[in-house]
Amino acid sequence: MVSFMRFGPGVVSALTLVALGIQPAQAQKIRTQMPEDLLPPAAQAPQGTPAPVPVPPTAVPPAVPSGVPTVSQPVVQDVVVAEPVMPWTLSDAQALLKTIEYIGKEGLLPADYQPSALKAAISAGEGDALDALASRVFGWLIEDLRDGRTPMDARVQWFAVDPDQDLMPTSELMAQALSAHDVPGIVAKLAPTNPDYAALKAELNATPTAEKARRALIQANMDRWRWLARDLGTVYLMTNVPEFQLRLVVKNKILRTYKTVVGKPGRTATPQLAETVSAVVFNPTWTVPQSIVKGEGLGAKVLNNPRWAANNGYKGTRNADGTITVVQQPGPNNALGLMKIDMPNPHAIYLHDTPAKSYFNEEVRAFSHGCIRTERAVELGMTMAILGAQMSAPDAAELSRAGEYKKVEMTRTFPVYLTYFTFARAIDGTLQPFADIYGRDAPVLAGFKAARQLKTTQRASEEAIIQLDNPL
């Protein structure tokens, strides 16, 4: 008899933990380590976020749904952000100066925040000049720690909109720091909560200053963490593209990992996204893009060779305008395999199974047209159905075996992050460099060598969105 355990609002059997690679003897221990409800309420702010201080409405940017960034459309405004000016005491300004002098430990550059000018302003005493300078450099420091120092035009194919400036506006943070006389305390709360960031920070501070290239690479990848939400959520999926691995993470603990195949370098390179899992599709169909239907002649082949089309699972239809629509039916030879995870975005990127399992044996797995092919995808889809739709493990298994198209909508959504770290903790926990397969390091490294740029309201890359709806 299978024993059932309470797991949030639904019931999940011990088979779920086995599917995640956890032995039954460990099940009770694992269960007690997980929250009663895996997903935080939609309105809950990340733990440790400084409490808001009332400010005029015009000082607060428009709100976005808290917790999970779901917007992928690039924001093309380019208005320079104006820093608020507030009165500073000498002691608060001195605390700011000391914080700036030690900010190198966070992978930032003290010279960016004008320490010499601030020291001179402190010597001149309290007044308008000190208020203006201290407010300005504090604002710059907050922006870089919260949002990243790298200018947006150096973040190649970056479409993961970071919600932190909406959740923690600079004016509120400055008001808190000055009312509590605790500049270093407010600054310390801005670091990403993911333990991988802390590991990079420790590695940076343990690396001799003479090893400039290594320090620069660590510094660049610490900044990449700041481009994301400070708190990634309680449960999420994350793939590091250069590592060719996907993680299922609960409470900052990796529960399961999956090999991935990612986009080929060039036009089909996988973009960096922060999206929301909306549904799991078992036994999906695939509507073949016109680049293949027309461009490669598949449409004519399907209509002219019915037996070949049936043997390969294709159904073709000639439309009133003369175009041909080709849909590949569910089955083990479907280009999407037996499972697809929907994460709506304008790039048409998603996670999916594949019949071409041999690619998972390659060391460098950059073969796709942008989407993420996922090892053991049916297992992953069952897990998502259990966690996101409160489905029982037997029901999820039955859907996966039925051979019929079935879309399971998520009743509890959670984020999926497509990231690009070239120095990071691998799935075994060790810090490692990863090959820069898309050449995205150079502009980030160059950005740190150049003078700091003033922040604008731009939130994502202005590069053209390329729809990569082709799993082949």
# chains A, B, ... in the order shown; residues from 1 in each chain; ligands from 1
call {"tool": "residues_around", "arguments": {"residues": "Ala446 in chain A", "least_positions_apart": "2", "cutoff": "10 Å", "atoms": "only C-alpha atoms", "output": "ChimeraX atom specification"}}
result
/A:150,154,216,220,441-444,448-451
call {"tool": "select_by_dssp", "arguments": {"residues": "range 179-255 of chain A", "states": "alpha helix (DSSP H)", "output": "JSON, numbers by chain"}}
result
{"A": [179, 183, 184, 185, 186, 187, 188, 195, 196, 197, 198, 199, 200, 201, 202, 203, 204, 205, 206, 212, 213, 214, 215, 216, 217, 218, 219, 220, 221, 222, 223, 224, 225, 226, 227]}
call {"tool": "residues_around", "arguments": {"residues": "range 277-284 of chain A", "least_positions_apart": "2", "cutoff": "8 Å", "atoms": "only C-alpha atoms", "output": "JSON, numbers by chain"}}
result
{"A": [275, 286, 329, 330, 331, 334, 336, 337, 338, 339, 340, 341, 342, 343, 344, 378, 381, 384, 385, 399, 400, 403, 404, 405, 406, 407, 408, 409, 410, 413, 414, 415, 416]}
call {"tool": "write_last_selection", "arguments": {"atoms": "C-alpha atoms", "output": "PDB file, in the first residue's frame"}}
result
ATOM      1  CA  GLU A 275       8.900  33.536 -17.283  1.00  0.00           C
ATOM      2  CA  TRP A 286       3.525  20.332 -33.031  1.00  0.00           C
ATOM      3  CA  GLN A 329       0.416  14.324 -34.085  1.00  0.00           C
ATOM      4  CA  PRO A 330       1.276  13.020 -30.577  1.00  0.00           C
ATOM      5  CA  GLY A 331       3.683  10.129 -30.356  1.00  0.00           C
ATOM      6  CA  ASN A 334       6.920  13.953 -32.330  1.00  0.00           C
ATOM      7  CA  LEU A 336       8.417  17.805 -28.955  1.00  0.00           C
ATOM      8  CA  GLY A 337       8.629  14.285 -27.606  1.00  0.00           C
ATOM      9  CA  LEU A 338       6.072  13.335 -24.975  1.00  0.00           C
ATOM     10  CA  MET A 339       6.015  16.520 -22.866  1.00  0.00           C
ATOM     11  CA  LYS A 340       6.094  20.287 -23.230  1.00  0.00           C
ATOM     12  CA  ILE A 341       6.131  22.960 -20.516  1.00  0.00           C
ATOM     13  CA  ASP A 342       4.309  26.125 -21.564  1.00  0.00           C
ATOM     14  CA  MET A 343       5.844  29.414 -20.410  1.00  0.00           C
ATOM     15  CA  PRO A 344       4.194  32.111 -22.565  1.00  0.00           C
ATOM     16  CA  VAL A 378       8.154  13.121 -18.768  1.00  0.00           C
ATOM     17  CA  GLY A 381       6.257  17.113 -16.498  1.00  0.00           C
ATOM     18  CA  MET A 384       5.170  19.981 -12.477  1.00  0.00           C
ATOM     19  CA  ALA A 385       1.617  18.590 -12.672  1.00  0.00           C
ATOM     20  CA  LEU A 399      -1.762  11.044 -18.510  1.00  0.00           C
ATOM     21  CA  SER A 400       1.813  10.615 -19.657  1.00  0.00           C
ATOM     22  CA  GLY A 403      -0.772   8.727 -25.794  1.00  0.00           C
ATOM     23  CA  GLU A 404      -3.361  11.483 -26.193  1.00  0.00           C
ATOM     24  CA  TYR A 405      -2.899  15.252 -26.126  1.00  0.00           C
ATOM     25  CA  LYS A 406      -3.631  16.633 -22.660  1.00  0.00           C
ATOM     26  CA  LYS A 407      -2.902  20.147 -21.396  1.00  0.00           C
ATOM     27  CA  VAL A 408      -2.736  20.492 -17.604  1.00  0.00           C
ATOM     28  CA  GLU A 409      -3.170  24.125 -16.552  1.00  0.00           C
ATOM     29  CA  MET A 410      -1.239  25.216 -13.484  1.00  0.00           C
ATOM     30  CA  THR A 413       2.296  29.041 -10.973  1.00  0.00           C
ATOM     31  CA  PHE A 414       5.999  29.380 -10.396  1.00  0.00           C
ATOM     32  CA  PRO A 415       8.919  30.877 -12.306  1.00  0.00           C
ATOM     33  CA  VAL A 416      11.365  29.427 -14.779  1.00  0.00           C
TER      34      VAL A 416
END
call {"tool": "residues_around", "arguments": {"residues": "Lys259 in chain A", "least_positions_apart": "5", "cutoff": "6 Å", "atoms": "only C-alpha atoms", "output": "VMD selection string"}}
result
chain A and resid 244 to 245 375
